[in-house]
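Everything below concerns the one structure shown next.
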Amino acid sequence: MLKVLIADDERNIRKGIQCLIDWESLDCKVVSSCGNGRQVLEYIQNNPVDIVVTDVKMPAMDGLELSRQITEKYDHIKVIILTAYSDFDMAKKAIRYGVEDFIVKNNYMEELPAAIKKAAERIRKDAGTGDGYALDDKRRIHDLQGFCYCICSCEIESMDASIDYNLKDMLNNILKIAAKDCLFEIIPQTENYMHIIIKYEKDSSININAIVDYFNSILIMVEEFMRINLRVGISSESGDPASYIQLKREADEALSRIISKDSEINVYIVNDKDEKADLINLDHYKSAICELIFSEDDSEPKQVLKEFGENLVREDICFEQCQIYALVIDCAMIHKVVKYHLDIEQDFNQLERDIYKKNQSAKTLYGLIEIGNDLIDHLRSLCLGKIHVKNELVKRVDDCIKQHYREELSLNFISSCLYLNSSYVSRAYKKFTGITVTEKINLFRVGKARELLKSTSKRIYEIADEVGFKDAAYFSNIFIKYCGMNPSEFRKNS
């Protein structure tokens with residue numbers, strides 16, 4: 001039986017989890033219950049534990065700090081978080097700390113057993129040996145002695161859902177032809193995601209360039225004859241079997257950088273750059289997508305989301321940070337809909353949990369962007385046609401901005417055009433859109449400036465004047481705020 005430890009500062013919760021769930025049917029046994037994270041660490045230092053179920057908020061050491069320490073010191077232990085889910089920072093940190101799952105506390109009777117089953121399957125699949133490696137990995141590392149090798153992470157997507165392939169067998173047959181001078185092993189991770197170890201004699205002429213050529217040949221075959229998209233991340237090369245785990249991480253990281261929906265190969269490059277997260281203006285993308293989500297043209301928010309993904313690639317943001325950014329934007333879109341209090345049969349808490357799990361399962365930037373695109377389609381289908389989503393006042397303000405954005409535009413000017421009190425316009429607009437009238441003016445002007453920077457060779461100060469900014473320096477500051485780069489850099493990268 002797997003050994004489970006429960007951590008919660010509320011005794012009744014601990015008792016309820018222990019007594020109300022049929023642990024024996026899950027092939028598990030509750031070995032201890034603790035009131036805080038420090039007690040958990042003290043226990044697992046001297047006692048075997050497979051799964052920890054912990055509350056987020058506890059005295060002495062909370063559940064997130066406990067999760068971080070368990071991940072660092074006892075990576076064979078699976079952690080399941082109990083949460084009210086209202087604390088979004090928890091969701092972001094849960095990704096970073098490798099938490100197995102998180103459960104809404106007031107619904108744990110239904111969700112916790114399923115999460116335990118999933119964690120148990122992972123544990124049994126890994127068949128842990130106590131030193132951080134699974135039994136199969138131990139065998140593979142032993143078999144790499146005397147060889148050079150690399151690892152490839154592959155994500156496969158059929159272009160025709162009516163065709164049912166055995167993906168592992170298909171890849172195996174193609175690799176026998178394309179990589180006939182190498183030895184290889186295919187290791188399925190999920191139905192459409194797998195690792196491939198490719199090894200070759202150290203004194204052979206084969207190297208990473210040859211492996212890339214092999215996969216280029218494979219991509220041509222699967223695209224043309226099998227109607228399949230194959231995205232491949234290739235690690236660096238090593239002759240040291242001890243590098244096996246590191247090369248798996250490199251292959252996954254290389255795969256994660258792919259943003260195209262089509263077949264593509266990406267080779268891992270060592271990144272010595274400092275973290276660049278601050279260069280991504282997340283607030284800009286979040287505001288712009290939420291503003292456009294109910295626009296007449298559904299391609300508009302998706303185009304901004306696409307630009308967001310391209311910017312993540314350009315700035316070389318690590319995939320873990322990309323997941324967090326994508327989750328922030330996705331949840332902001334959901335909250336945008338919730339704010340209207342529409343009469344919709346949709347459990348938005350469940351929708352957020354589903355998005356979180358999809359986010360965790362994504363392997364590429366393309367996958368993260370597709371999750372966002374699907375969410376946009378879903379939210380629009382929920383809302384459009386139900387009621388007039390945008391308040392009439394918002395439409396009138398937006399129309400005024402579109403008509404007069406080249407002029408000396410202000411809240412007072414717009415209010416006078418609408419024959420309304422400026423304080424009322426300010427409060428109502430912010431309530432229905434989440435941004436101020438001034439922010440909307442700047443967003444619209446910057447959007448027009450972006451179009452001109454892409455389509456004309458006009459000077460920066462000329463574009464500034466044309467979109468309503470009389471001071472070119474102020475225009476540049478506003479542009480940087482919403483785009484994360486100055487106008488010249490934007491033109492150069494467009």
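FYI, nothing fancy with the structure tokens labels: chains A, B, ... in order, residues from 1 per chain, ligands from 1 as they appear.
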**Request:** Fewer than 6 positions away in the same chain doesn't count, so skip those; otherwise give me all residues within 9 Å of Asp62 in chain A, counting only C-alpha atoms, as number ranges by chain.
**Result:** A: 36-38, 54-56
**Fill in**
One decimal place gives the CA of Phe348 in chain A-CA of Glu110 in chain A separation as 17.6 Å
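Taking CA of Val397 in chain A and CA of Phe308 in chain A as endpoints, the distance between them is 27.0 Å.
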**Asked** Which residue gives the smallest distance to Ile289 in chain A among A:Val313, A:Ala254, A:Ala332, A:Leu82, with only C-alpha atoms counted?
**Response** A:Ala332
**Message:** Can you tell me which residues surround Tyr429 in chain A at a distance of at most 6 Å, considering only C-alpha atoms, apart from same-chain residues fewer than 4 positions away, and format the answer as a PyMOL selection string?
**Reply:** chain A and resi 394+425+433
C-alpha atoms of the current selection, written as a compact mmCIF listing (two decimals), in the first residue's frame:
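In the end it all went to again_9.txt:
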```txt
# COMPACT_ATOMS: atom_id res chain seq x y z
CA VAL A 394 -18.84 51.68 -23.23
CA VAL A 425 -18.41 58.13 -17.15
CA THR A 433 -14.17 47.21 -18.87
```
